[in-house]
Every structure is written in C-alpha cells, then in structure tokens.
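Colleague: Handing you this structure, nothing more for now.
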2 protein chains.
Amino acid sequence: MKEGPDIAQIGALIGDPARANMLAALTGGKALTATELAAVGGITLQTASAHLSKLEAGGLLLPRKQGRHRYFTLADETVARLIESMMGFAASRGHLRHQPGPKEPALRKARICYDHLAGDYGVRMLDSLVAKGAIDAVGDGLALTAQGEETFQCIGINVADLKASRRPLCRSCLDWSERRAHLAGSLGKALLSNFFDKGWARRTAGSRSVIFSPEGERQFLALFPVETPVAV
Amino acid sequence: MKEGPDIAQIGALIGDPARANMLAALTGGKALTATELAAVGGITLQTASAHLSKLEAGGLLLPRKQGRHRYFTLADETVARLIESMMGFAASRGHLRHQPGPKEPALRKARICYDHLAGDYGVRMLDSLVAKGAIDAVGDGLALTAQGEETFQCIGINVADLKASRRPLCRSCLDWSERRAHLAGSLGKALLSNFFDKGWARRTAGSRSVIFSPEGERQFLALFPVETPVAV
DNA sequence: TCCATACTTCGACCGTAGCCGAAGCATCTC
DNA sequence: GAGATGCTTCGGCTACGGTCGAAGTATGGA
C-alpha cells in the first residue's frame with residue numbers, strides 16, 4: 001500500500017502553525033535570524049530553535065552562520081514554489097486567516113514571492129509583457145522572444161548574463177491572490193531588483209508586501225499597460 | 001505577521017501518515033470506499049471514518065454515496081497536482097519510504113497519476129510527441145500543434161470533443177520518479193483511456209502501477225519512439 | 001576580563017489528536 | 001422481518017509533539 005515518496009513528513013513539517021508562519025515569512029526572500037523567526041511564529045526562542053532544526057533536517061531551510069547570528073533562508077526556489085502553490089490551494093479552498101487584517105490589501109496589490117514580484121502588479125506585468133510580444137505564453141509555459149530580449153535590454157537588464165546561469169529564465173508562478181500566473185525565474189528576479197534599484201518600490205520591514213512610490217507607480221503602470229486582460 | 005492563506009491547515013491534513021497514504025492511493029484516480037481506504041491507511045474503519053471526515057471538510061476529498069457504500073475521490077485535479085508536486089519535492093529531499101519494496105520498479109515504469117500516464121513511459125511518451133512535432137513545448141507549457149491534431153485523430157482520439165470541455169487540453173505534470181514532465185490534461189487522460197480500451201495495458205488491483213501486455217508494450221514503444229532525450 | 005547578546009540543550013508539563021472497542025444507524029439481501 | 005454489510009458516533013485511553021523555564025555554549029564588544 002505504501003507507494004512512492006513520503007509526503008506525510010513534509011506535510012507534517014508545514015502543518016504546524018508556527019512553522020508555517022516562519023516559512024511564509026521566508027517566502028519574502030529575505031534571510032531572517034532565529035530570533036526574528038521566533039517573533040514571526042509567536043513563540044519563544046527555545047521553541048523556535050527546535051522548529052528550525054526540524055525544518056533544516058527536512059531540507060526546507062538553509063542556515064547561514066554570520067557572527068553570533070544564524071540566518072535562515074528557504075533552501076531552494078523549489079521550496080518557495082511549494083509554499084506558494086500550497087497557498088494558492090489553501091486560498092481556493094477557503095482556508096483563510098481568521099481576520100483578513102489591514103495589511104491584506106497591500107499584500108494583494110504587490111508582494112515579493114521569493115525574489116520576484118507577485119500580486120495584482122505581478123500579474124499585470126506578465127499580462128502586459130505577453131500582450132506586447134516580449135514573452136511568449138504557451139499553456140503554462142513562458143519563453144522570452146527575440147523582441148523581448150531587446151525590450152529588457154532597454155530597461156537595463158542584461159539578458160545575456162541571466163542566460164549564463166543555470167536557473168530558468170522565465171517561469172510561471174501561480175499567484176494565490178489573483179489565481180493567475182505571474183513571472184518568476186531569473187528574469188522575474190531581475191525585473192524586481194531593477195525596480196528597487198530605480199527607487200520605484202521598496203520592501204517593507206516585517207512583511208512581504210512591496211510599496212511603490214507615487215512616481216514609481218506612475219512609471220510602472222506606463223511601462224506595463226494593459227488593454228484587455230490576457231487569459232492564462 | 002500572519003500573512004496570506006493558511007497553509008498549516010492543509011499541511012496538517014496531509015501530514016498524518018494514514019491520511020497521506022489515503023491521498024496517495026486516491027491519486028490512482030479510482031474512487032475507493034471507506035473500508036478500502038482504511039486498509040490503505042493501515043487503520044480500523046472507525047479511525048478511517050474520522051480521517052475521511054476531516055479530509056472532506058478540508059476540501060480535499062469528495063464523497064459519493066452509492067447504496068450502502070461511500071466512495072471517495074480527490075475533489076479535483078488540483079488536489080492531485082498538489083499531491084504529485086509534494087511527492088516530487090519529497091523525493092528530491094530524500095524523504096523516501098523505509099523499504100523501497102518490490103513494487104517500486106513497476107511504479108517507476110508506468111503508473112496512473114489521477115487519470116493520465118506517469119512514470120518512465122509517461123515521460124517517454126511526451127518526449128516522443130514533442131520530438132515528432134505533435135506537441136509544442138515552451139518552458140513548462142505544452143500546446144497541441146495542428147500536426148498533432150491529425151496524429152491523435154489517427155490513433156482514434158477525437159480532439160474536437162476534448163476541446164469542448166473546460167478542462168485544459170495539455171498540461172505538464174512533474175513526474176516524481178523521473179523528475180521530468182509528463183502529459184496531463186484531457187489529452188493525457190484520453191491517451192491513457194485509449195491504451196486501456198485497446199487492451200495494451202491494464203490497471204492493477206491495489207496499486208497505482210499500470211501493467212502493459214507484451215503486445216501492448218511493443219505497440220506503445222513503436223508508436224512513441226525516442227531518439228535523443230528532450231530536455232524539459 | 002567581564003558582560004551582553006544570540007542561540008542551543010535539557011527537562012518537565014500539558015493538550016491535542018490519533019487510536020480502538022463497543023454500540024448505533026443506514027442500506028441492501030433474503 | 002431478520003440478518004448481513006458498510007459506515008458513523010461515542011467514550012476513553014495513550015502517546016507524541018509543542019511549549020516554556022532554566023541552564024549551558026558560543027560570539028562580539030568594551
């Protein structure tokens with residue numbers, strides 16, 4: 001009867017509220033210390049330490065020692081994708097938080113998903129790129145077009161550098177709030193970094209949400225116009 | 001701190017070994033009774049009943065009453081994809097079963113993933129279809145080509161019928177044993193049904209594995225030849 | 001050297017969730 | 001109606017896992 005890999009183990013790892021909160025926080029892409037993660041999980045440092053050991057042993061987290069701090073990050077982009085896909089699934093089944101909270105709208109508008117832009121703005125950006133022919137969409141798959149290569153060069157993104165890395169250039173990532181795809185992969189990362197560098201947007205302290213400056217928002221919306229929504 | 005949908009709930013649902021085994025068994029696509037699922041989970045009927053209630057309440061399972069039986073299926077194809085993706089993740093992290101068991105090779109060769117073919121043969125089939133130009137692969141995405149439409153018509157699959165349904169025609173599904181993509185979607189389902197109808201293969205009693213007849217195997221391999229593996 | 005900070009380990013507590021035996025419904029068969 | 005089968009509910013047991021206080025180990029700074 002027991003067939004295939006053991007999903008119960010990682011299910012159980014994610015299944016604890018404190019651990020789930022930690023993982024969700026780390027999906028923001030920033031490395032966090034044990035103390036910070038304890039606060040996120042709403043538990044004491046000792047308890048957090050035990051949880052972090054388990055997550056590390058399970059291959060979900062990667063610790064990095066730096067002086068007397070221990071910074072934790074998600075082990076891998078695949079972990080981030082698993083968490084996001086579970087969030088999407090949870091949202092579709094109505095497994096929402098008890099109180100939506102005031103930060104929810106900001107989170108739905110624009111947030112970090114591991115290292116790229118998600119939320120309404122993330123989906124909008126991908127729609128616009130597909131509409132203008134910079135990215136080719138077939139089914140779930142995304143591919144950069146020759147025209148797109150020029151476009152990104154103009155924005156200030158060196159596509160050749162990105163191609164050199166082993167990581168896929170374009171990847172579609174399902175957005176839990178919009179239930180549509182946004183752009184992940186090294187290109188998605190490069191775009192978000194680009195926005196930060198230009199001062200169009202900034203990350204927030206204790207949250208995954210991304211705040212655009214008024215000017216940055218204007219530029220962003222101008223750069224990624226949407227006529228009619230593109231089905232994905 | 002609490003941001004986004006609650007992944008802990010579904011994590012916990014999947015995190016129990018008995019429930020995980022039930023879900024894995026249901027990924028085989030067949031509807032199973034509470035008694036059968038109790039056997040799968042290695043627990044008594046009462047305990048299984050409680051587990052099944054929870055899974056149903058969580059939106060993972062769909063019960064169907066038939067006489068004095070209650071048949072359970074996965075609620076949705078999205079559930080199957082979640083389970084498979086967790087299996088892929090678990091396999092990549094080495095979360096394997098204690099003893100691989102004698103059935104393992106058969107499972108890796110060919111098995112059912114919800115309603116389509118997975119395993120070595122599933123991956124091989126997709127590779128071959130892409131190589132011969134029947135299916136277009138861009139990144140993760142798959143799309144039927146005009147040429148492919150003819151091909152499938154010849155095999156005896158009415159593509160027009162499939163297009164009429166709301167379900168996507170082609171979908172890539174990550175194979176946990178091969179770590180490569182195989183073909184899901186209504187076309188994947190139609191192909192597997194086609195093999196069953198032709199008598200090329202049959203399902204096994206208590207397992208997800210698919211057994212090919214000697215003749216069926218010959219035909220399958222002839223229909224889906226592979227020259228050089230296609231990267232996905 | 002001494003103290004503060006960051007984190008881990010130990011030990012004990014406790015609650016929840018899984019488990020089963022027994023009894024209770026529901027449905028089919030004869 | 002009587003009996004068999006499939007499943008649920010109830011009650012009580014048990015164990016595992018999460019929790020924290022307290023003590024212990026590392027690192028950095030004064």
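Chain labels A, B, ... are given in the sequence in which chains occur in the structure tokens; within each chain residues are numbered consecutively from 1, and ligands are likewise numbered from 1 in the order shown.
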As a PyMOL selection string, please: the residues near B:Ala137 (cut-off 12 Å, only C-alpha atoms (C1' of nucleotides), same-chain neighbours under 4 positions excluded).
Modeller: (chain A and resi 136-143) or (chain B and resi 126-133+141-145+170-172+181-183+230-232)
Colleague: Can those selected residues be exported to a file as a tab-separated table (two decimals), in the first residue's frame so that it contains C-alpha atoms?
Modeller:
chain	number	residue	atom	x	y	z
A	136	ASP	CA	5.58	34.00	-25.44
A	137	ALA	CA	2.98	32.08	-23.47
A	138	VAL	CA	2.02	28.53	-24.37
A	139	GLY	CA	-0.17	26.84	-21.85
A	140	ASP	CA	1.61	27.32	-18.53
A	141	GLY	CA	4.95	27.86	-20.18
A	142	LEU	CA	6.73	31.12	-20.77
A	143	ALA	CA	9.58	31.93	-23.11
B	126	LEU	CA	5.69	13.18	-24.01
B	127	ASP	CA	9.28	13.31	-25.22
B	128	SER	CA	8.31	11.42	-28.33
B	129	LEU	CA	5.28	13.61	-29.01
B	130	VAL	CA	7.41	16.73	-28.72
B	131	ALA	CA	10.14	15.25	-30.92
B	132	LYS	CA	7.71	14.41	-33.69
B	133	GLY	CA	6.13	17.86	-33.51
B	141	GLY	CA	3.93	24.83	-21.15
B	142	LEU	CA	2.52	22.41	-23.65
B	143	ALA	CA	0.29	23.04	-26.64
B	144	LEU	CA	-1.18	20.81	-29.29
B	145	THR	CA	0.02	21.57	-32.82
B	170	CYS	CA	-2.48	19.78	-22.47
B	171	ARG	CA	-0.83	20.28	-19.17
B	172	SER	CA	2.61	19.36	-17.97
B	181	ALA	CA	7.44	16.36	-17.18
B	182	HIS	CA	4.75	14.05	-18.50
B	183	LEU	CA	1.49	14.86	-20.25
B	230	VAL	CA	14.41	16.05	-24.93
B	231	ALA	CA	15.25	18.36	-22.09
B	232	VAL	CA	12.26	19.75	-20.23
Colleague: With only C-alpha atoms (C1' of nucleotides) counted and 10 Å as the cut-off, give the residues of chain A in contact with chain C, each with its shortest interatomic distance in Å and the pair that gives it, as a tab-separated table.
Modeller:
residue	atom	partner	partner_atom	distance
A:Thr33	CA	C:DA6	C1'	9.3
A:Ala34	CA	C:DC7	C1'	7.8
A:Thr35	CA	C:DA6	C1'	8.0
A:Leu45	CA	C:DC7	C1'	8.0
A:Gln46	CA	C:DT8	C1'	7.6
A:Ser49	CA	C:DT8	C1'	7.3
A:Ala50	CA	C:DT8	C1'	8.7
A:Gly67	CA	C:DA6	C1'	9.3
A:Arg68	CA	C:DA6	C1'	5.6
A:His69	CA	C:DA6	C1'	5.9
A:Arg70	CA	C:DC7	C1'	8.0
Colleague: Those residues with C-alpha atoms, as an mmCIF file, in the first residue's frame please?
Modeller:
data_model
loop_
_atom_site.group_PDB
_atom_site.id
_atom_site.type_symbol
_atom_site.label_atom_id
_atom_site.label_comp_id
_atom_site.auth_asym_id
_atom_site.auth_seq_id
_atom_site.Cartn_x
_atom_site.Cartn_y
_atom_site.Cartn_z
ATOM 1 C CA THR A 33 17.518 35.230 12.188
ATOM 2 C CA ALA A 34 16.219 32.695 14.656
ATOM 3 C CA THR A 35 15.044 35.487 16.942
ATOM 4 C CA LEU A 45 13.331 31.347 21.165
ATOM 5 C CA GLN A 46 13.806 27.839 22.508
ATOM 6 C CA SER A 49 15.124 26.714 17.736
ATOM 7 C CA ALA A 50 13.571 23.263 17.870
ATOM 8 C CA GLY A 67 28.960 36.070 13.666
ATOM 9 C CA ARG A 68 26.661 35.240 16.511
ATOM 10 C CA HIS A 69 23.594 35.232 14.281
ATOM 11 C CA ARG A 70 22.129 32.363 12.395
#
Colleague: Using only C-alpha atoms (C1' of nucleotides) and a cut-off of 10 Å, which residues of chain D sit close to chain A? Please list them as a PyMOL selection string.
Modeller: chain D and resi 18-21+26-28
Colleague: Per residue of chain B within 7 Å of chain A, which atom pair is closest and at what distance in Å (one decimal), using only C-alpha atoms, listed by chain and increasing number, as a Markdown table?
Modeller:
| residue | atom | partner | partner_atom | distance |
| --- | --- | --- | --- | --- |
| B:Met1 | CA | A:Val40 | CA | 5.6 |
| B:Lys2 | CA | A:Asn21 | CA | 6.5 |
| B:Pro5 | CA | A:Leu96 | CA | 4.6 |
| B:Asp6 | CA | A:Leu96 | CA | 5.4 |
| B:Ile7 | CA | A:Met87 | CA | 5.7 |
| B:Ala8 | CA | A:Gly15 | CA | 4.2 |
| B:Gln9 | CA | A:Gly15 | CA | 6.2 |
| B:Ile10 | CA | A:Gly15 | CA | 6.8 |
| B:Gly11 | CA | A:Gly15 | CA | 3.9 |
| B:Ala12 | CA | A:Gly15 | CA | 3.8 |
| B:Ile14 | CA | A:Gly11 | CA | 5.1 |
| B:Gly15 | CA | A:Ala12 | CA | 3.8 |
| B:Asp16 | CA | A:Ala8 | CA | 5.6 |
| B:Pro17 | CA | A:Ala8 | CA | 5.2 |
| B:Ala20 | CA | A:Ala8 | CA | 5.5 |
| B:Asn21 | CA | A:Lys2 | CA | 6.6 |
| B:Val40 | CA | A:Met1 | CA | 5.6 |
| B:Gly59 | CA | A:Arg93 | CA | 6.1 |
| B:Met86 | CA | A:Ile7 | CA | 6.1 |
| B:Met87 | CA | A:Pro5 | CA | 5.5 |
| B:Ala90 | CA | A:Pro5 | CA | 5.9 |
| B:Ala91 | CA | A:Pro5 | CA | 5.5 |
| B:Arg93 | CA | A:Gly59 | CA | 6.1 |
| B:His95 | CA | A:Asp6 | CA | 5.6 |
| B:Leu96 | CA | A:Pro5 | CA | 4.6 |
| B:Arg97 | CA | A:Asp6 | CA | 5.8 |
| B:Val138 | CA | A:Gly141 | CA | 5.3 |
| B:Gly139 | CA | A:Gly141 | CA | 4.6 |
| B:Asp140 | CA | A:Gly141 | CA | 4.3 |
| B:Gly141 | CA | A:Gly141 | CA | 3.3 |
| B:Leu142 | CA | A:Gly139 | CA | 5.5 |
| B:Ala143 | CA | A:Gly139 | CA | 6.1 |
| B:Ser207 | CA | A:Met1 | CA | 6.9 |
Colleague: Considering only strand (DSSP E or B) as DSSP defines it on the backbone, what residues of chain B qualify? List them as a PyMOL selection string.
Modeller: chain B and resi 32-33+61-66+69-74+111-113+116-118+135-138+141-144+171-174+181-184+201-203+209-212
Colleague: What residues in stretch 5-216 of chain A get the DSSP label helix (DSSP H, G or I)? Please answer as a PyMOL selection string.
Modeller: chain A and resi 7-15+17-26+34-41+45-57+77-92+104-109+120-131+146-155+159-164+185-198+214-216
Colleague: Work out how far atom CA of B:Leu26 is from atom C1' of D:DT8, in Å to one decimal.
Modeller: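 Separating atom C1' of D:DT8 from atom CA of B:Leu26 is a distance of 21.6 Å.
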